[in-house]
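File shown: structure_33.cif. Contents: mmCIF, C-alpha atoms and all ligand atoms.
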data_coords
#
loop_
_atom_site.label_atom_id
_atom_site.label_comp_id
_atom_site.auth_asym_id
_atom_site.auth_seq_id
_atom_site.Cartn_x
_atom_site.Cartn_y
_atom_site.Cartn_z
CA MET A 6 38.91 58.37 -83.31
CA GLN A 7 41.98 59.63 -85.17
CA LYS A 8 44.30 56.71 -86.00
CA LYS A 9 47.92 56.98 -84.93
CA VAL A 10 51.02 55.92 -86.84
CA PHE A 11 54.50 55.67 -85.36
CA ILE A 12 57.67 55.83 -87.49
CA THR A 13 60.55 54.29 -85.59
CA ARG A 14 63.27 56.51 -87.10
CA SER A 15 63.33 59.87 -88.82
CA ILE A 16 63.03 59.11 -92.56
CA LEU A 17 62.48 61.42 -95.55
CA PRO A 18 59.22 63.20 -94.71
CA ASP A 19 57.17 62.40 -97.84
CA GLY A 20 55.47 59.39 -96.28
CA ALA A 21 54.55 61.19 -93.06
CA GLU A 22 53.14 64.08 -95.11
CA LEU A 23 50.97 61.65 -97.06
CA LEU A 24 49.70 60.05 -93.86
CA ARG A 25 48.95 63.43 -92.24
CA ALA A 26 47.15 64.64 -95.38
CA ARG A 27 44.99 61.53 -95.07
CA GLY A 28 44.05 62.57 -91.53
CA TYR A 29 46.27 60.33 -89.45
CA LYS A 30 48.30 61.46 -86.47
CA VAL A 31 51.94 60.66 -87.18
CA ASP A 32 54.72 60.57 -84.61
CA VAL A 33 58.34 60.01 -85.50
CA SER A 34 61.03 58.81 -83.11
CA GLU A 35 63.18 61.75 -82.13
CA LEU A 36 66.13 59.53 -81.20
CA ASP A 37 69.19 59.64 -83.43
CA ARG A 38 69.62 55.90 -82.95
CA PRO A 39 67.47 52.81 -83.35
CA MET A 40 65.01 52.41 -80.49
CA THR A 41 65.78 49.51 -78.20
CA TYR A 42 63.54 46.47 -78.43
CA GLU A 43 61.86 47.30 -75.09
CA GLU A 44 61.43 51.00 -75.97
CA LEU A 45 59.65 50.17 -79.21
CA LYS A 46 57.63 47.31 -77.75
CA SER A 47 56.08 49.58 -75.17
CA LYS A 48 55.84 52.64 -77.46
CA ALA A 49 53.85 50.60 -80.00
CA HIS A 50 51.07 50.07 -77.45
CA GLY A 51 49.85 53.59 -78.15
CA TYR A 52 49.65 53.28 -81.96
CA ASP A 53 47.53 51.64 -84.66
CA ALA A 54 50.33 51.18 -87.18
CA LEU A 55 54.10 51.21 -87.39
CA ILE A 56 56.69 52.02 -90.03
CA THR A 57 59.70 49.98 -88.90
CA MET A 58 63.35 49.93 -89.93
CA LEU A 59 65.28 46.81 -90.94
CA ASN A 60 67.02 46.72 -87.57
CA ASP A 61 63.82 46.83 -85.46
CA ARG A 62 63.25 43.33 -84.13
CA ILE A 63 59.58 42.55 -84.52
CA ASP A 64 59.49 39.05 -83.08
CA GLU A 65 56.84 36.79 -81.59
CA ALA A 66 56.88 38.46 -78.16
CA PHE A 67 56.72 41.93 -79.72
CA LEU A 68 53.76 41.00 -81.90
CA LYS A 69 51.89 39.20 -79.13
CA SER A 70 52.27 42.24 -76.91
CA ASN A 71 51.11 44.47 -79.80
CA SER A 72 48.44 42.30 -81.38
CA HIS A 73 46.21 45.40 -81.63
CA LEU A 74 48.34 46.73 -84.53
CA LYS A 75 46.37 47.09 -87.75
CA VAL A 76 49.40 47.09 -90.04
CA ILE A 77 53.19 47.29 -90.04
CA SER A 78 55.28 48.39 -92.99
CA ASN A 79 59.00 47.77 -93.01
CA TYR A 80 61.01 50.60 -94.55
CA ALA A 81 63.05 48.02 -96.53
CA VAL A 82 62.52 45.32 -99.08
CA GLY A 83 63.96 42.71 -96.71
CA PHE A 84 61.78 41.60 -93.81
CA ASN A 85 63.95 39.09 -91.93
CA ASN A 86 63.57 41.31 -88.84
CA ILE A 87 59.84 40.50 -88.67
CA ASP A 88 58.27 37.20 -87.59
CA ILE A 89 55.94 36.94 -90.58
CA LYS A 90 54.35 33.67 -89.43
CA MET A 91 53.35 35.18 -86.11
CA ALA A 92 52.13 38.40 -87.77
CA SER A 93 49.94 36.30 -90.07
CA SER A 94 48.56 34.26 -87.23
CA LEU A 95 47.65 37.52 -85.46
CA LYS A 96 46.19 38.80 -88.75
CA ILE A 97 48.56 41.76 -88.92
CA PRO A 98 49.37 42.69 -92.54
CA ILE A 99 53.06 43.35 -93.16
CA GLY A 100 54.23 45.66 -95.94
CA ASN A 101 57.68 46.26 -97.41
CA THR A 102 59.26 48.50 -100.06
CA PRO A 103 60.29 46.45 -103.12
CA ASP A 104 60.97 47.80 -106.65
CA VAL A 105 61.66 51.40 -105.62
CA LEU A 106 65.13 50.52 -104.34
CA THR A 107 66.09 48.07 -107.08
CA GLU A 108 68.09 50.56 -109.13
CA ALA A 109 69.87 52.07 -106.13
CA THR A 110 70.90 48.68 -104.72
CA ALA A 111 72.00 47.30 -108.09
CA GLU A 112 74.15 50.43 -108.54
CA VAL A 113 75.86 49.80 -105.20
CA ALA A 114 76.48 46.15 -106.15
CA LEU A 115 78.05 47.27 -109.43
CA GLY A 116 80.07 49.93 -107.59
CA LEU A 117 81.37 47.31 -105.18
CA MET A 118 82.31 44.99 -108.06
CA ILE A 119 84.44 47.73 -109.59
CA ALA A 120 85.82 49.07 -106.30
CA ALA A 121 86.82 45.62 -105.05
CA SER A 122 88.23 44.29 -108.31
CA ARG A 123 90.17 47.51 -109.02
CA ASN A 124 91.48 47.98 -105.46
CA PHE A 125 89.89 51.41 -104.95
CA LEU A 126 90.12 51.21 -101.18
CA SER A 127 93.76 50.14 -100.81
CA ALA A 128 94.82 52.49 -103.63
CA GLU A 129 93.08 55.43 -101.96
CA ARG A 130 94.52 54.53 -98.56
CA SER A 131 98.05 54.34 -99.99
CA GLY A 132 97.72 57.95 -101.19
CA GLU A 133 96.35 59.09 -97.85
CA GLN A 134 99.19 57.38 -96.04
CA GLY A 135 101.89 59.08 -98.12
CA GLN A 136 102.80 56.00 -100.18
CA TRP A 137 101.97 57.61 -103.54
CA LYS A 138 105.57 58.33 -104.45
CA ASN A 139 105.28 58.07 -108.22
CA TRP A 140 103.22 56.38 -110.90
CA HIS A 141 103.85 52.70 -110.48
CA PRO A 142 103.75 50.19 -113.32
CA THR A 143 102.80 47.12 -111.26
CA GLU A 144 101.04 48.37 -108.11
CA HIS A 145 97.31 48.15 -107.44
CA LEU A 146 96.69 45.69 -110.23
CA GLY A 147 93.19 44.32 -110.34
CA PHE A 148 90.86 42.53 -112.71
CA ALA A 149 88.66 43.92 -115.47
CA LEU A 150 84.91 43.34 -115.55
CA SER A 151 84.65 43.34 -119.33
CA GLY A 152 83.93 39.99 -120.86
CA LYS A 153 84.00 38.16 -117.51
CA THR A 154 81.39 35.91 -115.95
CA LEU A 155 79.02 37.27 -113.33
CA GLY A 156 77.28 34.72 -111.12
CA VAL A 157 74.10 36.08 -109.58
CA VAL A 158 72.83 34.12 -106.59
CA GLY A 159 69.11 34.96 -106.36
CA PHE A 160 67.74 36.25 -109.64
CA GLY A 161 64.99 38.56 -108.38
CA ARG A 162 64.55 42.24 -109.17
CA ILE A 163 67.93 43.47 -107.91
CA GLY A 164 69.93 40.50 -109.21
CA LEU A 165 68.32 40.83 -112.62
CA ARG A 166 68.95 44.59 -112.75
CA LEU A 167 72.63 44.11 -111.86
CA ALA A 168 72.89 41.37 -114.47
CA SER A 169 71.43 43.67 -117.08
CA MET A 170 73.87 46.48 -116.22
CA CYS A 171 76.81 44.07 -116.40
CA ALA A 172 75.71 42.34 -119.62
CA ARG A 173 74.98 45.61 -121.41
CA ALA A 174 77.79 47.82 -120.14
CA PHE A 175 80.57 45.24 -119.77
CA ASN A 176 79.54 42.45 -122.11
CA MET A 177 79.62 40.06 -119.18
CA LYS A 178 78.32 36.53 -119.39
CA ILE A 179 75.59 35.95 -116.80
CA ILE A 180 74.88 32.74 -114.94
CA TYR A 181 72.46 32.58 -112.04
CA VAL A 182 71.04 30.44 -109.28
CA ALA A 183 67.30 30.60 -108.65
CA ASN A 184 64.45 28.27 -107.77
CA SER A 185 63.14 28.39 -111.33
CA GLU A 186 64.28 29.60 -114.75
CA LYS A 187 63.69 33.32 -115.20
CA GLU A 188 62.81 34.68 -118.58
CA ASN A 189 65.36 37.30 -119.57
CA SER A 190 66.84 38.97 -122.60
CA LEU A 191 70.43 38.64 -121.38
CA ALA A 192 71.09 35.06 -122.43
CA ALA A 193 71.55 34.42 -118.72
CA ILE A 194 71.75 30.73 -117.88
CA LYS A 195 70.43 29.05 -114.74
CA VAL A 196 73.00 26.76 -113.13
CA GLU A 197 73.53 24.89 -109.87
CA LEU A 198 75.30 26.82 -107.09
CA SER A 199 78.41 24.60 -107.36
CA GLU A 200 78.78 25.44 -111.06
CA LEU A 201 78.21 29.14 -110.43
CA LEU A 202 80.87 29.20 -107.72
CA SER A 203 83.51 27.47 -109.83
CA LYS A 204 82.85 29.42 -113.05
CA SER A 205 82.21 33.00 -111.91
CA ASP A 206 84.74 35.81 -111.81
CA PHE A 207 82.26 37.95 -109.88
CA ILE A 208 79.62 36.54 -107.52
CA SER A 209 76.84 38.77 -106.28
CA LEU A 210 74.35 37.72 -103.60
CA HIS A 211 70.71 38.75 -103.91
CA LEU A 212 68.80 36.43 -101.62
CA PRO A 213 66.51 37.03 -98.69
CA LEU A 214 67.89 35.96 -95.32
CA ASN A 215 66.08 32.94 -93.89
CA CYS A 216 66.98 29.60 -92.33
CA THR A 217 67.98 28.11 -95.70
CA THR A 218 70.18 31.00 -96.82
CA LYS A 219 71.91 31.72 -93.48
CA ASN A 220 75.65 30.95 -93.82
CA MET A 221 75.12 29.45 -97.28
CA ILE A 222 78.48 30.83 -98.44
CA GLY A 223 81.10 29.27 -96.18
CA LYS A 224 84.51 27.58 -96.33
CA ALA A 225 83.53 24.90 -98.86
CA GLU A 226 82.00 27.55 -101.14
CA PHE A 227 85.07 29.82 -100.93
CA ASP A 228 87.31 26.85 -101.64
CA SER A 229 85.43 26.16 -104.86
CA MET A 230 85.65 29.76 -106.14
CA LYS A 231 88.27 30.99 -108.60
CA LYS A 232 91.34 32.67 -107.14
CA ASN A 233 90.42 35.87 -108.96
CA ALA A 234 86.81 35.77 -107.71
CA VAL A 235 85.24 38.90 -106.25
CA LEU A 236 82.33 38.35 -103.86
CA VAL A 237 79.74 41.11 -103.54
CA ASN A 238 77.03 41.09 -100.89
CA THR A 239 74.29 43.72 -100.84
CA ALA A 240 71.68 41.33 -99.40
CA ARG A 241 72.21 40.38 -95.75
CA GLY A 242 75.49 39.77 -93.90
CA GLU A 243 74.34 36.52 -92.32
CA ILE A 244 74.13 34.80 -95.74
CA VAL A 245 77.94 34.64 -95.63
CA ASP A 246 79.94 32.83 -92.94
CA GLN A 247 81.99 35.91 -92.12
CA ALA A 248 84.81 34.07 -90.34
CA ALA A 249 85.24 31.88 -93.44
CA LEU A 250 85.18 34.99 -95.64
CA ILE A 251 87.90 36.69 -93.60
CA LYS A 252 90.05 33.54 -93.83
CA ALA A 253 89.48 33.29 -97.59
CA LEU A 254 90.48 36.94 -98.04
CA LYS A 255 93.56 36.65 -95.82
CA GLU A 256 94.75 33.49 -97.55
CA ASN A 257 93.92 34.87 -101.01
CA THR A 258 91.58 31.97 -101.69
CA ILE A 259 89.56 34.65 -103.49
CA PHE A 260 90.71 38.03 -104.76
CA ALA A 261 88.45 40.45 -102.93
CA ALA A 262 85.06 41.18 -101.40
CA GLY A 263 82.74 44.17 -101.64
CA LEU A 264 80.24 44.22 -98.81
CA ASP A 265 77.32 46.53 -98.16
CA VAL A 266 76.06 44.25 -95.40
CA THR A 267 77.84 42.50 -92.54
CA ASP A 268 77.17 40.39 -89.49
CA PRO A 269 76.65 42.16 -87.16
CA GLU A 270 75.62 45.65 -88.20
CA PRO A 271 77.11 48.02 -87.38
CA LEU A 272 80.39 46.18 -87.81
CA PRO A 273 82.63 46.92 -84.79
CA ILE A 274 85.62 49.08 -85.70
CA GLU A 275 88.05 46.38 -84.52
CA ASN A 276 86.61 43.81 -86.95
CA GLU A 277 89.28 42.31 -89.19
CA LEU A 278 87.31 43.11 -92.33
CA PHE A 279 88.15 46.77 -91.84
CA LYS A 280 91.87 45.95 -91.77
CA LEU A 281 92.02 43.79 -94.88
CA LYS A 282 93.35 45.37 -98.06
CA ASN A 283 91.08 43.24 -100.23
CA ALA A 284 87.77 43.97 -98.53
CA ILE A 285 85.67 47.07 -98.96
CA VAL A 286 82.87 47.48 -96.43
CA LEU A 287 80.03 49.97 -96.74
CA PRO A 288 77.58 50.73 -93.92
CA HIS A 289 74.46 49.22 -95.58
CA ILE A 290 73.82 52.04 -98.04
CA GLY A 291 72.25 49.98 -100.85
CA SER A 292 69.05 51.99 -100.96
CA ALA A 293 70.63 55.28 -99.88
CA THR A 294 69.73 57.57 -102.76
CA TYR A 295 67.35 60.51 -102.34
CA GLU A 296 65.19 58.98 -105.06
CA ALA A 297 64.93 55.53 -103.51
CA ARG A 298 64.54 56.67 -99.92
CA ARG A 299 61.81 59.16 -100.90
CA ALA A 300 59.96 56.45 -102.83
CA MET A 301 60.39 54.01 -99.92
CA SER A 302 58.92 56.60 -97.56
CA ILE A 303 55.89 57.01 -99.83
CA LEU A 304 55.42 53.28 -100.43
CA ALA A 305 55.64 52.48 -96.71
CA ALA A 306 53.00 55.18 -96.06
CA LYS A 307 50.74 53.79 -98.80
CA ASN A 308 51.01 50.35 -97.20
CA ILE A 309 49.96 51.87 -93.87
CA ILE A 310 47.00 53.72 -95.40
CA ALA A 311 45.82 50.53 -97.12
CA GLY A 312 46.15 48.53 -93.90
CA LEU A 313 44.29 51.12 -91.83
CA GLU A 314 41.54 51.38 -94.42
CA ASP A 315 41.15 47.61 -94.95
CA HIS A 316 42.49 47.56 -98.48
CA GLU A 317 45.16 45.40 -100.06
CA LEU A 318 48.65 46.68 -99.32
CA GLU A 319 50.57 47.85 -102.37
CA ALA A 320 53.56 45.73 -101.30
CA TRP A 321 52.15 43.02 -99.07
CA VAL A 322 54.54 40.43 -97.66
CA ASN A 323 51.98 38.10 -96.03
CA LYS A 324 49.19 38.58 -98.56
CA LYS A 325 48.73 34.90 -99.28
CA ASP A 326 48.42 34.12 -95.57
CA LEU A 327 45.79 36.77 -94.97
CA LEU A 328 43.62 36.88 -98.09
CA PRO A 329 40.80 34.32 -98.05
C1 LIG A 401 66.51 46.51 -97.84
O1 LIG A 401 65.66 47.37 -98.09
O2 LIG A 401 66.21 45.41 -97.38
C2 LIG A 401 67.90 46.82 -98.18
O3 LIG A 401 68.78 46.03 -97.45
C3 LIG A 401 68.20 48.27 -98.00
O4 LIG A 401 69.47 48.53 -98.52
#
Will you turn the file into structure tokens for me?
Amino acid sequence: MQKKVFITRSILPDGAELLRARGYKVDVSELDRPMTYEELKSKAHGYDALITMLNDRIDEAFLKSNSHLKVISNYAVGFNNIDIKMASSLKIPIGNTPDVLTEATAEVALGLMIAASRNFLSAERSGEQGQWKNWHPTEHLGFALSGKTLGVVGFGRIGLRLASMCARAFNMKIIYVANSEKENSLAAIKVELSELLSKSDFISLHLPLNCTTKNMIGKAEFDSMKKNAVLVNTARGEIVDQAALIKALKENTIFAAGLDVTDPEPLPIENELFKLKNAIVLPHIGSATYEARRAMSILAAKNIIAGLEDHELEAWVNKKDLLP
């Protein structure tokens, strides 16, 4: 019987084309919003495989009610929305989309470093609001990147790529926090988090969200940062204690923040972060280039094909749980 794949949101069509060319029936959600948990849980009953988005909650109850699924691929590198332990115990392979979005996400992190440290948002707003009266010698002053220290928390693919951009283009000194030393050609030095926080001019987060990283940057961490520090988060909003961040920004404990991720998402319009002059908030666009999103679509589809055909997934999150 023809196998059926459901894609929970309309994504660039390359992946669906690949799946159809392989003979699978592919349906794509026609809703211009994420499906609700209940909608997706019952929809999945009629399919063999799912391509899910980072905001689809694939928890224990979902998986138990859909234990027939042959494979799920998240259309994201992060997979904190999926209960991996439960998927493994039900023998459902889970795929994700690493590597293909590294460049795009590192570019957004770099963009946020510049935008936050050079006051792009408040400077642009002042023009829009009619406050651009003349060239001003002391307004909108920010901090240069060149020659400064970048602290990368989580030195995986994206953190390393950002570090390389900053070391090469801005002659920045790189320090990082990771579980082990990572070989690199940037003279980047592994340090403890406390040292990174107190020495960095820019701090960029590149960690997965899990129970050890949730709220790992809170009041004590902000208090130990430099006054000129710029915090950039392109990983997951929940890694930062957002109330503590807002307080640190309001009290100028740190200089600014550039966020591509927040807690929750979407961030409600009345959230204080949108009102602060020293915070720039993007709507989770780290991987939003045509190149990355096309490649993610293809990689997610390849994961599905592999899962349906009993092969190893190209990007397989729970490989070590499922391979003998
Ligand atoms: C991911 O893929 O996990 C990223 O957050 C997308 O920007």
- At most 6 Å from ligand LIG 401 (chain A) (all atoms listed in the file): residue list as a list in words: Ala81, Val82, Gly83, Ala240, His289, Ile290, Gly291 and Ser292 of chain A
Now that the selection is made, can you save its residues with C-alpha atoms as a short mmCIF file (atom, residue, chain, number, x, y, z; two decimals), keeping the file's coordinate frame?
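Now in part-v8.cif:
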data_model
loop_
_atom_site.label_atom_id
_atom_site.label_comp_id
_atom_site.auth_asym_id
_atom_site.auth_seq_id
_atom_site.Cartn_x
_atom_site.Cartn_y
_atom_site.Cartn_z
CA ALA A 81 63.05 48.02 -96.53
CA VAL A 82 62.52 45.32 -99.08
CA GLY A 83 63.96 42.71 -96.71
CA ALA A 240 71.68 41.33 -99.40
CA HIS A 289 74.46 49.22 -95.58
CA ILE A 290 73.82 52.04 -98.04
CA GLY A 291 72.25 49.98 -100.85
CA SER A 292 69.05 51.99 -100.96
#
- Separation of atom CA of A:Phe227 from atom CA of A:Asn283, in Å and rounded to one decimal: 14.7 Å
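With distances restricted to all atoms listed in the file, A:Arg298 is the closest residue to A:Pro18 from A:Lys219, A:Gly152, A:Ile309, A:Arg298.
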Spatial neighbours of A:Asn308, 9 Å, all atoms listed in the file, chain gap at least 4 places, as an mmCIF file with C-alpha atoms, in the frame of the given file:
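Written out: around_34.cif:
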data_model
loop_
_atom_site.group_PDB
_atom_site.id
_atom_site.type_symbol
_atom_site.label_atom_id
_atom_site.label_comp_id
_atom_site.auth_asym_id
_atom_site.auth_seq_id
_atom_site.Cartn_x
_atom_site.Cartn_y
_atom_site.Cartn_z
ATOM 1 C CA VAL A 76 49.400 47.090 -90.040
ATOM 2 C CA ILE A 77 53.190 47.290 -90.040
ATOM 3 C CA SER A 78 55.280 48.390 -92.990
ATOM 4 C CA ILE A 99 53.060 43.350 -93.160
ATOM 5 C CA GLY A 100 54.230 45.660 -95.940
ATOM 6 C CA ASN A 101 57.680 46.260 -97.410
ATOM 7 C CA THR A 102 59.260 48.500 -100.060
ATOM 8 C CA ILE A 303 55.890 57.010 -99.830
ATOM 9 C CA LEU A 304 55.420 53.280 -100.430
ATOM 10 C CA GLY A 312 46.150 48.530 -93.900
ATOM 11 C CA LEU A 313 44.290 51.120 -91.830
ATOM 12 C CA GLU A 317 45.160 45.400 -100.060
ATOM 13 C CA LEU A 318 48.650 46.680 -99.320
ATOM 14 C CA GLU A 319 50.570 47.850 -102.370
ATOM 15 C CA ALA A 320 53.560 45.730 -101.300
ATOM 16 C CA TRP A 321 52.150 43.020 -99.070
#
Residue contacts of A:Ser34 (12 Å, only C-alpha atoms) excluding same-chain residues fewer than 6 positions away, as a PDB file with C-alpha atoms, keeping the file's coordinate frame:
ATOM      1  CA  VAL A  10      51.020  55.920 -86.840  1.00  0.00           C
ATOM      2  CA  PHE A  11      54.500  55.670 -85.360  1.00  0.00           C
ATOM      3  CA  ILE A  12      57.670  55.830 -87.490  1.00  0.00           C
ATOM      4  CA  THR A  13      60.550  54.290 -85.590  1.00  0.00           C
ATOM      5  CA  ARG A  14      63.270  56.510 -87.100  1.00  0.00           C
ATOM      6  CA  SER A  15      63.330  59.870 -88.820  1.00  0.00           C
ATOM      7  CA  ILE A  16      63.030  59.110 -92.560  1.00  0.00           C
ATOM      8  CA  MET A  40      65.010  52.410 -80.490  1.00  0.00           C
ATOM      9  CA  THR A  41      65.780  49.510 -78.200  1.00  0.00           C
ATOM     10  CA  GLU A  44      61.430  51.000 -75.970  1.00  0.00           C
ATOM     11  CA  LEU A  45      59.650  50.170 -79.210  1.00  0.00           C
ATOM     12  CA  LYS A  48      55.840  52.640 -77.460  1.00  0.00           C
ATOM     13  CA  ALA A  49      53.850  50.600 -80.000  1.00  0.00           C
ATOM     14  CA  LEU A  55      54.100  51.210 -87.390  1.00  0.00           C
ATOM     15  CA  ILE A  56      56.690  52.020 -90.030  1.00  0.00           C
ATOM     16  CA  THR A  57      59.700  49.980 -88.900  1.00  0.00           C
ATOM     17  CA  MET A  58      63.350  49.930 -89.930  1.00  0.00           C
TER      18      MET A  58
END
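The space between atom CA of A:Asp64 and atom CA of A:Leu214 spans 15.2 Å.
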- Name the closest residue to A:Tyr295 among the candidates A:Thr143, A:Val105, A:Tyr52, A:Ala66; distances are taken between atoms, counting only C-alpha atoms. A:Val105
- Which of these residues is nearest to A:Val286, using only C-alpha atoms: A:Met170, A:Ala120, A:Ala306, A:Ala128? A:Ala120
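Taking only C-alpha atoms into account, A:Thr218 lies nearest to A:Val245 out of the set A:Leu198, A:Cys171, A:Leu59, A:Val245.
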- Query: Which residues, protein or nucleic acid, reach to within 7 Å of (75.9, 32.9, -95.6) in the file's coordinates when using only C-alpha atoms, and can you give that as JSON, numbers by chain?
  - Reply: {"A": [218, 219, 220, 221, 222, 223, 243, 244, 245, 246]}
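Omitting stretch 207-213 of chain A and its sequence neighbours fewer than 3 positions away, and counting all atoms listed in the file, the residues within 7 Å are A:Gly83, A:Thr154, A:Leu155, A:Gly156, A:Val157, A:Val158, A:Gly159, A:Phe160, A:Ile163, A:Gly164, A:Ala234, A:Val235, A:Leu236, A:Val237, A:Asn238, A:Thr239, A:Ala240.
The coordinates place atom CA of A:Tyr181 at 12.5 Å from atom CA of A:Arg166.
Across A:His145, A:Glu275, A:Asp61, A:Lys232, the tightest approach to A:Glu256 is made by A:Lys232 when counting only C-alpha atoms.
For A:Gln247, the list of residues within 10 Å, based on only C-alpha atoms and with local chain neighbours fewer than 5 positions off taken out, reads Asn220, Ile222, Gly223, Lys224, Gly242, Lys252, Ala253, Thr267, Asp268, Pro269 and Leu278 of chain A.
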- Query: Given the choices A:Asn124, A:Asn139, A:Asn184, A:Thr294, which gets closest to A:Glu197 if the distance is worked out from all atoms listed in the file?
  - Reply: A:Asn184
Quick one: stretch 39-54 of chain A from the block, N, CA and C atoms, as a PDB file, in the first residue's frame.
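Contents of result_20.pdb, freshly written:
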ATOM      1  N   PRO A  39       0.123  27.097  13.050  1.00  0.00           N
ATOM      2  CA  PRO A  39       0.466  25.758  13.526  1.00  0.00           C
ATOM      3  C   PRO A  39      -0.819  24.993  13.849  1.00  0.00           C
ATOM      4  N   MET A  40      -0.816  23.686  13.615  1.00  0.00           N
ATOM      5  CA  MET A  40      -1.974  22.892  14.026  1.00  0.00           C
ATOM      6  C   MET A  40      -1.988  22.829  15.543  1.00  0.00           C
ATOM      7  N   THR A  41      -3.174  22.706  16.124  1.00  0.00           N
ATOM      8  CA  THR A  41      -3.211  22.528  17.573  1.00  0.00           C
ATOM      9  C   THR A  41      -2.707  21.125  17.886  1.00  0.00           C
ATOM     10  N   TYR A  42      -2.357  20.929  19.139  1.00  0.00           N
ATOM     11  CA  TYR A  42      -1.877  19.622  19.590  1.00  0.00           C
ATOM     12  C   TYR A  42      -2.900  18.532  19.243  1.00  0.00           C
ATOM     13  N   GLU A  43      -4.169  18.783  19.571  1.00  0.00           N
ATOM     14  CA  GLU A  43      -5.213  17.768  19.342  1.00  0.00           C
ATOM     15  C   GLU A  43      -5.429  17.529  17.853  1.00  0.00           C
ATOM     16  N   GLU A  44      -5.413  18.617  17.061  1.00  0.00           N
ATOM     17  CA  GLU A  44      -5.593  18.459  15.605  1.00  0.00           C
ATOM     18  C   GLU A  44      -4.525  17.530  15.039  1.00  0.00           C
ATOM     19  N   LEU A  45      -3.274  17.795  15.417  1.00  0.00           N
ATOM     20  CA  LEU A  45      -2.172  17.009  14.842  1.00  0.00           C
ATOM     21  C   LEU A  45      -2.175  15.573  15.378  1.00  0.00           C
ATOM     22  N   LYS A  46      -2.503  15.460  16.661  1.00  0.00           N
ATOM     23  CA  LYS A  46      -2.504  14.116  17.273  1.00  0.00           C
ATOM     24  C   LYS A  46      -3.501  13.218  16.544  1.00  0.00           C
ATOM     25  N   SER A  47      -4.644  13.754  16.210  1.00  0.00           N
ATOM     26  CA  SER A  47      -5.607  12.866  15.537  1.00  0.00           C
ATOM     27  C   SER A  47      -5.301  12.754  14.039  1.00  0.00           C
ATOM     28  N   LYS A  48      -4.813  13.824  13.428  1.00  0.00           N
ATOM     29  CA  LYS A  48      -4.453  13.778  11.996  1.00  0.00           C
ATOM     30  C   LYS A  48      -3.382  12.704  11.751  1.00  0.00           C
ATOM     31  N   ALA A  49      -2.425  12.617  12.674  1.00  0.00           N
ATOM     32  CA  ALA A  49      -1.288  11.706  12.483  1.00  0.00           C
ATOM     33  C   ALA A  49      -1.711  10.240  12.421  1.00  0.00           C
ATOM     34  N   HIS A  50      -2.912   9.943  12.942  1.00  0.00           N
ATOM     35  CA  HIS A  50      -3.375   8.547  12.911  1.00  0.00           C
ATOM     36  C   HIS A  50      -3.429   8.005  11.489  1.00  0.00           C
ATOM     37  N   GLY A  51      -3.660   8.888  10.525  1.00  0.00           N
ATOM     38  CA  GLY A  51      -3.822   8.420   9.144  1.00  0.00           C
ATOM     39  C   GLY A  51      -2.538   8.409   8.321  1.00  0.00           C
ATOM     40  N   TYR A  52      -1.381   8.571   8.971  1.00  0.00           N
ATOM     41  CA  TYR A  52      -0.116   8.692   8.216  1.00  0.00           C
ATOM     42  C   TYR A  52       0.956   7.753   8.752  1.00  0.00           C
ATOM     43  N   ASP A  53       1.943   7.480   7.874  1.00  0.00           N
ATOM     44  CA  ASP A  53       3.069   6.620   8.257  1.00  0.00           C
ATOM     45  C   ASP A  53       4.243   7.438   8.773  1.00  0.00           C
ATOM     46  N   ALA A  54       4.302   8.703   8.377  1.00  0.00           N
ATOM     47  CA  ALA A  54       5.466   9.526   8.744  1.00  0.00           C
ATOM     48  C   ALA A  54       5.043  10.987   8.803  1.00  0.00           C
TER      49      ALA A  54
END
